[in-house]
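Since the structure comes first, as structure tokens, the remarks are kept for the end.
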Amino acid sequence: MSDLTNLPIAAMRDGLNRKDFSAKELAEAHIRAVEGARTLNAFTVETPERALAAADAADKDFAAGTAKPLSGIPLGIKDLFCTEGVETSASSNILKGFVPQYESTISARLFADGAGMLGKLNLDEFAMGSSTETSACGDTINPWRAADGRNLVPGGSSGGSSTAVAARLVAGATGTDTGGSIRQPAAFTGITGFKPTYGRCSRWGTVAFASSLDQAGPMARDVRDCAILLQSMAGFDAKDSTSLELPVPDFEAALTGDLLGKRVGIPREYAIDNIPADITALWEAGRAMLRDAGAEIVDISLPHTKYALPTYYIIAPAEASSNLARYDGVRYGQRETPDGGNLIDMYEATRSAGFGDEVKRRIMIGTYVLSAGYYDAYYLQAQKVRTLIKRDFEQAFRECDVILTPTAPSAAFPLAEKMDDPVSMYLNDVFCVPASLAGLPAMSVPVGLNADGLPLGLQLIGDALDEEGLFNAGYALERAAGFSAQPEKWW
Amino acid sequence: MSVDADTVRKIAHLARIKLPDERVEPMMNELNNILDWVEQLREVDTADVEPTTAVIANRLRWREDEVTDGNVQEKVLANAPKPLHGFFAVPKVIE
């Protein structure tokens, strides 16, 4: 791990501006780190040539004094974002070999601001999972290891992104969050992940999972780096009908660390059974940290919290079953045609061969809850409970400015531990899903280590469109926690 | 509510996923586990509650009815598994 790959983005930006090092040197250091970390399987595709081309352009811009906000910053892009000319498979066999003819809005904005791409990052198939083990591209390994040396999952679905950032392979990465897919992997790997308000980031060109929930966001070393990346990612896009036509605030300018006069809500319903004592202790320590930064701590209630996960596991599969109907073997992706088979046989064989078990399960559940006779009992009821969950937050934000909870109910767990029990895997997102259902911005900040030396994160949830307040609370928490631990390099 | 084997076969067909016979029972059990778990939503009183349609208030925009894209046949077909004479080709559908 060279010094250059260990810098946060803000310091890379300063160093490039001062010409302490060139963008080319920065890109080359990261390319070496990527090549040396293939054991971790963070990448589905490596694109060193793209990183070097962006670095050349950046060095010219620095020489000419025309540098852009992310000139020369080498990033990883979750393989859910379509990248023109670079294979985008969503870690699914059904999209193996798919080479987009267009660029997603999010990656286009980052590249337009000067960032380079080191490659595409592994994820759970179509972002459906919490451990990156449903990927058709193999498991990604968490750079943090258990005390007994066992390999751990990096969380998911953005597990390639979390691993690449934590192992210092990329300066930052894009993630997507449908029910926790940015925040939970960030917590599992000791990094920072930020999910903005639904509609802040365009969904155009991002492979769709559950469209009313999917949001892109940054994953990086620290809060400031997330603010820098989101600045480039966020903004109105006419190509996404749910994109918000609002000015993008200056997120970095919001980072003062002063919480004087702010109220931090502690939702009593998040104190659930079977949470490890060190996570409960961390949550209490987090309260003290924010109090020290000037905030007032207030108890709040979010009464429908326990219904959030089952609500999510009706709505997300329902939307997924509709979104994934497009994989039919006709226009793109893999095709299977049984001998003498007709069109329907081709559809069924293609989808049976191309989708993995978890994706099939979710399509089946989604098809069932939307089918005649069950729609009202399942889907409509879930959408009504979603209204109640959203209402809980609206009432809570009359009493507080930001909400503090744990990010996940455990630290990173060993590979294969939860793959045989879907519902126990789903429980990973118990603290993340409510904010997703309400469309609220939320982030995970690394705050401490557990008894086994593994990172733990706390989640902050902000009111709709208050990314500035949320970023600042995260910054205050980060400063107080002073988390600087890194995984020991073993790969 | 729980699903039986016939319902699982019916859903699989609706979802256009071929489910081999030996997978029907395991899939039935997996689906029933999930359905049993989401069953708890029934206890929530949702009388007079409107279903969520948009989490963040937004207004669909109008735009001019004009062509903004097109003439990209090669790009459209670039990833097709079996393009033929400038079209997507599928198995014969008319006998």
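By convention here, the chains of the structure tokens are called A, B, ... in the order presented, each chain's residues are numbered starting at 1, and ligands are numbered starting at 1 in the order presented.
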| Long-range neighbours of A:Phe251 as a list in words, 10 Å cut-off, only C-alpha atoms, 6 positions minimum in chain | Arg224, Cys226, Ala227, Ile228, Leu229, Leu230, Gln231, Glu467, Glu468, Gly469, Leu470, Phe471 and Asn472 of chain A
File dump, residues just selected, N, CA and C atoms, as a PDB file, in the first residue's frame:
```
ATOM      1  N   ARG A 224     -15.965  13.820   4.113  1.00  0.00           N
ATOM      2  CA  ARG A 224     -15.647  14.867   3.133  1.00  0.00           C
ATOM      3  C   ARG A 224     -15.558  14.266   1.720  1.00  0.00           C
ATOM      4  N   CYS A 226     -17.060  11.693   0.571  1.00  0.00           N
ATOM      5  CA  CYS A 226     -18.424  11.394   0.099  1.00  0.00           C
ATOM      6  C   CYS A 226     -19.097  12.677  -0.392  1.00  0.00           C
ATOM      7  N   ALA A 227     -18.877  13.784   0.337  1.00  0.00           N
ATOM      8  CA  ALA A 227     -19.473  15.067  -0.067  1.00  0.00           C
ATOM      9  C   ALA A 227     -18.924  15.513  -1.422  1.00  0.00           C
ATOM     10  N   ILE A 228     -17.618  15.327  -1.605  1.00  0.00           N
ATOM     11  CA  ILE A 228     -16.984  15.714  -2.875  1.00  0.00           C
ATOM     12  C   ILE A 228     -17.568  14.898  -4.035  1.00  0.00           C
ATOM     13  N   LEU A 229     -17.700  13.587  -3.818  1.00  0.00           N
ATOM     14  CA  LEU A 229     -18.211  12.723  -4.894  1.00  0.00           C
ATOM     15  C   LEU A 229     -19.683  12.999  -5.179  1.00  0.00           C
ATOM     16  N   LEU A 230     -20.486  13.170  -4.107  1.00  0.00           N
ATOM     17  CA  LEU A 230     -21.915  13.405  -4.335  1.00  0.00           C
ATOM     18  C   LEU A 230     -22.147  14.718  -5.078  1.00  0.00           C
ATOM     19  N   GLN A 231     -21.263  15.697  -4.845  1.00  0.00           N
ATOM     20  CA  GLN A 231     -21.376  16.978  -5.537  1.00  0.00           C
ATOM     21  C   GLN A 231     -21.402  16.767  -7.056  1.00  0.00           C
ATOM     22  N   GLU A 467     -29.457  16.880   2.917  1.00  0.00           N
ATOM     23  CA  GLU A 467     -28.135  16.253   2.849  1.00  0.00           C
ATOM     24  C   GLU A 467     -27.085  17.080   3.590  1.00  0.00           C
ATOM     25  N   GLU A 468     -27.253  18.403   3.572  1.00  0.00           N
ATOM     26  CA  GLU A 468     -26.246  19.240   4.232  1.00  0.00           C
ATOM     27  C   GLU A 468     -26.201  18.970   5.735  1.00  0.00           C
ATOM     28  N   GLY A 469     -27.396  18.947   6.356  1.00  0.00           N
ATOM     29  CA  GLY A 469     -27.464  18.680   7.798  1.00  0.00           C
ATOM     30  C   GLY A 469     -26.945  17.287   8.118  1.00  0.00           C
ATOM     31  N   LEU A 470     -27.271  16.337   7.237  1.00  0.00           N
ATOM     32  CA  LEU A 470     -26.831  14.962   7.450  1.00  0.00           C
ATOM     33  C   LEU A 470     -25.315  14.846   7.315  1.00  0.00           C
ATOM     34  N   PHE A 471     -24.774  15.450   6.268  1.00  0.00           N
ATOM     35  CA  PHE A 471     -23.315  15.419   6.086  1.00  0.00           C
ATOM     36  C   PHE A 471     -22.613  16.033   7.304  1.00  0.00           C
ATOM     37  N   ASN A 472     -23.151  17.138   7.799  1.00  0.00           N
ATOM     38  CA  ASN A 472     -22.488  17.803   8.921  1.00  0.00           C
ATOM     39  C   ASN A 472     -22.545  16.957  10.196  1.00  0.00           C
TER      40      ASN A 472
END
```
| task | Find the residues in chain A near chain B: any atom within 7 Å counts, using only C-alpha atoms. Write them as a PyMOL selection string. | result | chain A and resi 98-99+101+198+241+307+310+329-335+342-343+347-349+351-352+363-365+367-368+380+383-387+423+438-439
| Sel. of strand (DSSP E or B) residues, stretch 18-182 of chain A, as JSON, numbers by chain | {"A": [43, 44, 45, 46, 74, 75, 76, 77, 78, 81, 83, 86, 116, 117, 118, 119, 120, 121, 152, 172, 173, 174, 175, 176, 177]}
Selected residues, C-alpha atoms, written as a PDB file, in the first residue's frame, please.
```
ATOM      1  CA  PHE A  43     -13.532  -6.163  -9.678  1.00  0.00           C
ATOM      2  CA  THR A  44     -15.621  -7.753 -12.420  1.00  0.00           C
ATOM      3  CA  VAL A  45     -13.643  -5.864 -15.100  1.00  0.00           C
ATOM      4  CA  GLU A  46     -10.373  -3.929 -14.744  1.00  0.00           C
ATOM      5  CA  PRO A  74      -9.257   7.212  -9.857  1.00  0.00           C
ATOM      6  CA  LEU A  75     -12.598   5.614  -8.976  1.00  0.00           C
ATOM      7  CA  GLY A  76     -14.272   2.237  -9.124  1.00  0.00           C
ATOM      8  CA  ILE A  77     -17.764   1.986 -10.620  1.00  0.00           C
ATOM      9  CA  LYS A  78     -20.255  -0.547  -9.291  1.00  0.00           C
ATOM     10  CA  PHE A  81     -23.932   1.434 -13.833  1.00  0.00           C
ATOM     11  CA  THR A  83     -20.476   2.185 -18.938  1.00  0.00           C
ATOM     12  CA  VAL A  86     -17.144  -1.641 -20.995  1.00  0.00           C
ATOM     13  CA  GLY A 116     -10.931   8.123 -14.074  1.00  0.00           C
ATOM     14  CA  MET A 117     -12.239   4.556 -13.949  1.00  0.00           C
ATOM     15  CA  LEU A 118     -10.096   1.721 -12.606  1.00  0.00           C
ATOM     16  CA  GLY A 119     -12.777  -0.851 -13.337  1.00  0.00           C
ATOM     17  CA  LYS A 120     -16.196  -2.236 -12.584  1.00  0.00           C
ATOM     18  CA  LEU A 121     -16.943  -3.496  -9.095  1.00  0.00           C
ATOM     19  CA  LEU A 152     -15.558 -12.498   5.814  1.00  0.00           C
ATOM     20  CA  GLY A 172     -13.711   6.211  -3.958  1.00  0.00           C
ATOM     21  CA  ALA A 173     -16.505   4.238  -5.551  1.00  0.00           C
ATOM     22  CA  THR A 174     -20.080   4.480  -6.662  1.00  0.00           C
ATOM     23  CA  GLY A 175     -22.661   2.377  -4.892  1.00  0.00           C
ATOM     24  CA  THR A 176     -26.390   1.947  -5.151  1.00  0.00           C
ATOM     25  CA  ASP A 177     -28.734   1.554  -2.221  1.00  0.00           C
TER      26      ASP A 177
END
```
| request: Extract, using only C-alpha atoms, all DNA, RNA and protein residues at most 8 Å from stretch 256-259 of chain A, discarding same-chain residues fewer than 2 positions from it, and format them as JSON, numbers by chain. | output: {"A": [253, 254, 261, 262, 290, 293, 294, 295, 472, 473, 475, 476, 479]}
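Interatomic distance, atom CA of A:Gly190 to atom CA of A:Glu358: 26.8 Å.
Proximity to A:Val445 was assessed for A:Arg183, A:Arg361, A:Lys68, A:His30 counting only C-alpha atoms; the smallest distance is recorded for A:Arg183.
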| task | Take atom CA of A:Gly85 and atom CA of A:Val359 and report the distance between them in Å, one decimal. | result |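 Going from atom CA of A:Gly85 over to atom CA of A:Val359 covers 26.0 Å.
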| Within 8 Å of A:Ala308, counting only C-alpha atoms, which residues qualify if same-chain residues fewer than 4 places away don't, as a PyMOL selection string? | chain A and resi 304+312+386+389+430+433-434+437
Convert the current residue selection to file output with C-alpha atoms, as a short mmCIF file (atom, residue, chain, number, x, y, z; two decimals), in the first residue's frame.
```
data_model
loop_
_atom_site.label_atom_id
_atom_site.label_comp_id
_atom_site.auth_asym_id
_atom_site.auth_seq_id
_atom_site.Cartn_x
_atom_site.Cartn_y
_atom_site.Cartn_z
CA HIS A 304 -43.92 0.98 12.52
CA TYR A 312 -39.64 -4.02 1.81
CA ARG A 386 -45.08 2.18 3.66
CA ILE A 389 -43.52 4.26 7.96
CA VAL A 430 -33.26 -4.17 9.50
CA VAL A 433 -34.60 -0.41 5.13
CA PRO A 434 -36.93 2.08 6.91
CA LEU A 437 -38.88 3.05 2.19
#
```
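Counting from atom CA of A:Pro441, the distance to atom CA of A:Gln215 is 9.6 Å.
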| query | Running DSSP on the backbone, which parts of stretch 110-140 of chain A land in helix (DSSP H, G or I), as a list of chain:residue names? | reply |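 Across stretch 110-140 of chain A, those assigned helix (DSSP H, G or I) are A:Leu110, A:Phe111, A:Ala112, A:Glu125, A:Phe126, A:Ala127.
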| query | Which residues, written as a PyMOL selection string, have at least one atom at most 10 Å from stretch 142-146 of chain A, with only C-alpha atoms counted and residues fewer than 6 positions away on the same chain left out? | reply | chain A and resi 37+39-42+131+152-155+159-160+162-168+185+188-190+412-415+452-455+486-491
| said: Excluding A:Phe236 and its own-chain neighbours fewer than 6 positions away, which residues fall within 12 Å of it when counting only C-alpha atoms? Please give them as a ChimeraX atom specification. | reply: /A:105-106,109,198-204,242-248
Could those residues be written to a file, using C-alpha atoms, as an mmCIF file, in the first residue's frame?
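The resulting file, selection06.cif, is shown below:
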```
data_model
loop_
_atom_site.group_PDB
_atom_site.id
_atom_site.type_symbol
_atom_site.label_atom_id
_atom_site.label_comp_id
_atom_site.auth_asym_id
_atom_site.auth_seq_id
_atom_site.Cartn_x
_atom_site.Cartn_y
_atom_site.Cartn_z
ATOM 1 C CA THR A 105 -25.808 9.631 -16.052
ATOM 2 C CA ILE A 106 -23.951 9.056 -12.762
ATOM 3 C CA ARG A 109 -21.112 13.128 -14.545
ATOM 4 C CA TYR A 198 -34.583 9.567 -3.502
ATOM 5 C CA GLY A 199 -34.387 11.595 -6.711
ATOM 6 C CA ARG A 200 -31.128 13.458 -5.982
ATOM 7 C CA CYS A 201 -29.156 11.120 -8.243
ATOM 8 C CA SER A 202 -30.399 10.122 -11.666
ATOM 9 C CA ARG A 203 -31.281 6.471 -12.151
ATOM 10 C CA TRP A 204 -30.796 6.698 -15.926
ATOM 11 C CA THR A 242 -38.224 10.822 -10.781
ATOM 12 C CA SER A 243 -35.115 13.049 -10.834
ATOM 13 C CA LEU A 244 -35.601 16.123 -8.636
ATOM 14 C CA GLU A 245 -35.378 19.470 -10.410
ATOM 15 C CA LEU A 246 -33.672 21.268 -7.542
ATOM 16 C CA PRO A 247 -30.381 23.117 -7.117
ATOM 17 C CA VAL A 248 -27.575 20.990 -5.641
#
```
